[in-house]
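S.K.: Dropping the structure in here first, questions after.
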Amino acid sequence: MKTDIILAGVGGQGILSIATIIGEAATKAGLNLKQAEVHGMSQRGGDVQSNLRLSDQTIYSDLIPRGKADLIIAMEPMEALRYVPFLSKDGVVVTSSKPFVNIPNYPEETAIFNELDSLNKVVRLDIEAMAHELKTPKSANVILLGMAAPFLDILSAEELRSAIGRVFSSKGEAIVEANYKAFDFGLSQAKK
Amino acid sequence: MDKRLLLGDEAIALGALHAGLSGVYAYPGTPSTEITEFIQNATGYGKETYVICDHELKANGKIHSRWCSNEKTAMEAALGMSYAGKRALVCMKHVGMNVCADAFVNSAITGVNGGLVVLAADDPSMHSSQNEQDSRFYAKFAMIPVFEPSNQQEAYNMMEDAFNLSESLKLPVMMRVVTRLAHSRANVEVKSEAREENALNPDSGRHWVLLPAIARKNYVSLLDKQKDMVAASETSKYNNISSLGGKAKLGVITCGIGYNYVMESGVQDAEILKISQYPLPEQQIKYLAERVEKILVVEDGQPVVEELVHGILGADYAVEGRLSGALPRTGELNPDNVALALKNVQSGNAQADTDFPTANSPINVVGRPPALCQGCGHRDVYTAIKDLVTEIPSARVFGDIGCYTLGALPPFQAITSCVDMGASITMAKGAADAGVWPAIAVIGDSTFTHSGMTGLLDAINDRANITVIISDNLTTGMTGGQDSQGTNRFEQICLGLGVEPEHLHVVVPLPKNMDEIKKVLHDEINYKGVSVIIPRRECIQTHARKLRQAKSK
């Protein structure tokens with residue numbers, strides 16, 4: 001069994017913390033894992049992505065072949081679209097619906113959403129607005145992880161939830177609780 | 001044994017620590033930076049009291065890990081530690097090899113005492129670099145062995161083997177990685193204890209003095225060792241042949257991470273020679289060639305091995321790879337271009353580069369290039385420069401390597417050139433010598449101490465008509481905020497080199513000071529000689545990080 005995930009966003013949006021939580025859960029579950037990251041120049045406000053591969057078998061390539069990703073998790077809708085060539089036919093896209101516009105030629109929002117909606121399965125939500133509503137403003141990415149949890153076949157939602165506890169434990173109980181709340185909310189949205 | 005989730009860079013760092021490392025010497029450079037940072041964190045570098053944070057380390061003394069001014073000083077210091085009998089690691093990005101090349105090539109002539117490993121992190125596809133040069137050429141040039149891991153576990157394991165081989169051959173050994181391994185995480189089985197550091201044992205041999213008479217003898221000795229290096233490759237546990245399926249007509253030589261993409265493809269009816277230690281194991285290559293009809297070379301970077309295999313097997317043997325066009329000549333390998341090359345070569349279809357799948361973007365996607373952070377002091381510097389260039393169209397601005405290279409992109413589009421570390425000052429000088437006016441250099445604080453100071457001395461001695469802007473953000477920003485070697489001493493350095501005090505200015509790059517900055521710039525381009533302007537304001541990223549750290553205490 002294997003799950004190939006592409007995490008996407010804009011430099012500074014915190015896609016690597018999502019990877020850290022999934023990585024923690026996968027390590028605890030005894031799975032093999034490879035996670036290719038982007039460091040350096042492109043981190044400065046440019047597009048960033050991470051290839052995350054989980055399997056109970058040997059994983060050779062650090063990169064996911066085109067058309068083989070099971071899941072795209074994106075902090076930004078156009079960034080979700082950027083990696084569609086890597087998505088498998090029955091793949092799922094879980095994305096924030098809030099555009100991050102730091103370039104002059106950002107496409108029409110409706111065009112992006114129409115193109116996204118033509119894909120097999122897309123779950124999208126304004127996670128930043130929801131994070132504010134939940135009074136957990138720094139946990140938008142964990143809402144997104146909750147939304148992705150039902151599609152991450154190789155790990156259960158409970159395994160991911162307990163990984164959140166371990167990853168944030170050093171930051172105190174309040175922050176752990178805020179992230180549980182964000183995760184549970186995301187999970188409930190995905191199940192709708 | 002213990003299992004750890006590690007970046008390739010971190011696996012290298014921990015492998016070195018567990019192999020009895022006494023010092024790491026490096027200048028930050030993507031994708032090699034995290035090696036030194038891991039060692040700093042693991043050994044408590046920069047903490048007030050020295051604590052070994054990582055319980056697995058049983059270090060006897062303090063392991064050196066402070067950043068160096070540049071790759072040449074790093075290489076020389078590492079060689080000095082090796083001379084003293086201890087194990088030293090020097091790390092750099094591929095273009096750092098150019099900076100340290102004099103010391104590097106000659107370290108193969110002096111030979112070593114304690115183990116010396118030179119880690120070069122190449123960047124095929126130029127994710128964060130100005131070229132895709134392949135460091136294996138440097139190792140061949142210096143005639144030393146190379147280890148090239150295919151995964152994070154090998155990267156960890158090889159550090160010990162590399163130090164052992166260095167000490168047995170009495171030569172420096174290169175370890176070459178590429179971005180995709182350096183910046184990818186995987187679970188790695190690691191030892192629970194570190195080897196003891198070597199005892200202090202300075203070498204007493206004359207071979208360290210490279211006078212011609214001695215160097216000639218050393219060179220003969222280096223040539224003699226070549227057969228031992230090849231023998232080590234022939235029997236290396238990292239070089240081996242495996243069969244996929246029964247009736248193989250295709251042989252595949254994989255180098256480093258090329259192996260992963262070949263295995264990912266699920267190719268059948270092929271014989272794989274996995275190479276992760278150089279010089280090339282010639283006998284194994286000849287053995288493979290006899291068993292198959294043609295060979296595809298899968299190597300990330302430049303076609304180093306493909307060329308050599310032609311030499312080993314003769315011009316008539318069919319060898320495919322990046323030179324033949326079976327794989328793209330530029331850019332990094334990936335599972336898709338390797339799978340296609342395997343399919344094409346196996347079926348006998350010769351395909352041109354253009355047939356490789358490229359990232360065919362969906363319709364509503366545009367590029368999102370990196371940009372200077374909002375609030376960054378470099379922005380204010382470029383606002384002032386842009387204004388001046390608009391006013392005086394003959395002005396040329398020579399850039400350098402760092403975040404401020406992004407001044408080449410919109411909205412500023414303010415720089416004329418970016419070539420190599422320090423070239424802003426010397427190119428501005430050369431252009432001024434030719435008659436360009438105003439000739440302005442923009443260089444960061446860390447790049448200035450890396451390679452800008454000697455160029456400034458040339459300019460002063462020549463009374464070159466240039467204006468140098470040292471955009472000082474008190475850190476090495478682009479690589480994530482490492483210590484900058486000249487912090488708080490730039491005025492002294494400039495005055496010491498001979499900049500006239502009345503033409504040395506410090507300004508604070510903030511929008512509210514824009515009039516003042518523009519005036520200083522304007523005045524100084526009109527001075528016929530060397531002027532230095534230092535806009536100084538802390539990098540907003542490191543500033544924010546310090547605030548977070550202070551808050552969490």
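Labels for the structure tokens follow display order: chains A, B, ..., residues from 1 in each chain, ligands from 1.
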Write out as a list in words all residues of region 155-251 of chain B that DSSP puts in strand (DSSP E) for this structure's backbone.

M.R.: Val173, Met174, Met175, Arg176, Val177, Val178, Ser184, Arg185, Ala186, Asn187, Val188, Glu189, Val190, Asn240, Ile241, Ser242, Ser243, Leu244, Leu250 and Gly251 of chain B

S.K.: Taking only residues of chain A that have an atom at most 8 Å from an atom of chain B, what is each one's shortest atom pair and its distance in Å to one decimal, using only C-alpha atoms, in chain and number order, as a tab-separated table?

M.R.:
```
residue	atom	partner	partner_atom	distance
A:Thr27	CA	B:Leu5	CA	7.9
A:Asn32	CA	B:Asn187	CA	7.0
A:Leu33	CA	B:Ala186	CA	5.5
A:Lys34	CA	B:Ala186	CA	4.7
A:Gln35	CA	B:Arg185	CA	4.8
A:Ala36	CA	B:Ser184	CA	3.9
A:Glu37	CA	B:His183	CA	5.6
A:Val38	CA	B:His183	CA	6.9
A:His39	CA	B:Thr30	CA	7.3
A:Gly40	CA	B:Thr479	CA	5.7
A:Met41	CA	B:Ser128	CA	5.5
A:Ser42	CA	B:Pro370	CA	5.1
A:Gln43	CA	B:Pro370	CA	6.8
A:Arg44	CA	B:Pro370	CA	4.9
A:Gly45	CA	B:Pro370	CA	4.9
A:Gly46	CA	B:Pro370	CA	3.9
A:Asp47	CA	B:Arg368	CA	5.7
A:Ile59	CA	B:Glu264	CA	7.9
A:Tyr60	CA	B:Asn260	CA	4.6
A:Ser61	CA	B:Asn260	CA	4.9
A:Asp62	CA	B:Ser184	CA	6.8
A:Leu63	CA	B:Asn334	CA	6.8
A:Ile64	CA	B:Pro335	CA	7.2
A:Pro65	CA	B:Pro335	CA	5.4
A:Arg66	CA	B:Asp336	CA	6.8
A:Met78	CA	B:Val365	CA	6.1
A:Glu79	CA	B:Val365	CA	7.8
A:Leu81	CA	B:Pro362	CA	6.6
A:Arg82	CA	B:Val365	CA	6.0
A:Val84	CA	B:Pro362	CA	7.1
A:Pro85	CA	B:Ala359	CA	7.0
A:Ile103	CA	B:Arg368	CA	6.8
A:Asn105	CA	B:Val366	CA	7.4
A:Tyr106	CA	B:Val366	CA	6.9
A:Pro107	CA	B:Asn364	CA	6.0
A:Glu108	CA	B:Asn364	CA	7.9
A:Ala111	CA	B:Asn364	CA	6.7
A:Ile112	CA	B:Asn364	CA	5.7
A:Glu115	CA	B:Asn364	CA	7.5
```

S.K.: With a distance cut-off of 6 Å and only C-alpha atoms, select the neighbouring residues of region 180-192 of chain A, excluding the residue or stretch itself and same-chain residues fewer than 2 positions from it, and output the selection as JSON, numbers by chain.

M.R.: {"A": [142, 143, 146, 147, 177, 178]}

S.K.: Could you give me, as a ChimeraX atom specification, the residues within 9 Å of Ser97 (chain A), counting only C-alpha atoms and dropping anything in the same chain fewer than 2 positions from it?

M.R.: /A:75-77,95,99,113,124-127

S.K.: Can you work out which one of B:Arg195, B:His94, B:Lys140, B:Lys528 has the shortest atom-to-atom distance to Leu21 (chain B), counting only C-alpha atoms?

M.R.: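 Among the listed residues, the smallest separation from Leu21 (chain B) belongs to B:Arg195.
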
S.K.: Can you measure CA of Phe163 (chain B) to CA of Gln302 (chain B) for me? One decimal in Å is fine.

M.R.: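 Rounded to one decimal, the two atoms are 26.1 Å apart.
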
S.K.: Once DSSP has gone over the backbone, tell me which residues of region 91-159 of chain B are in helix (DSSP H, G or I), as a PyMOL selection string.

M.R.: chain B and resi 96-99+101-110+135-142+152-159

S.K.: Suppose you want the space between CA of Thr20 (chain A) and CA of Thr43 (chain B); what is it in Å?

M.R.: 23.3 Å

S.K.: Take CA of Asp462 (chain B) and CA of Gly435 (chain B) and report the distance between them in Å, one decimal.

M.R.: 13.9 Å

S.K.: I'd like the contact shell of Lys237 (chain B) - 10 Å cut-off, only C-alpha atoms, skipping same-chain residues fewer than 3 positions apart - returned as a list in words.

M.R.: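 Selected residues are Ala232, Ser233, Glu234, Asn240, Ile275, Ser276 and Gln277 of chain B.
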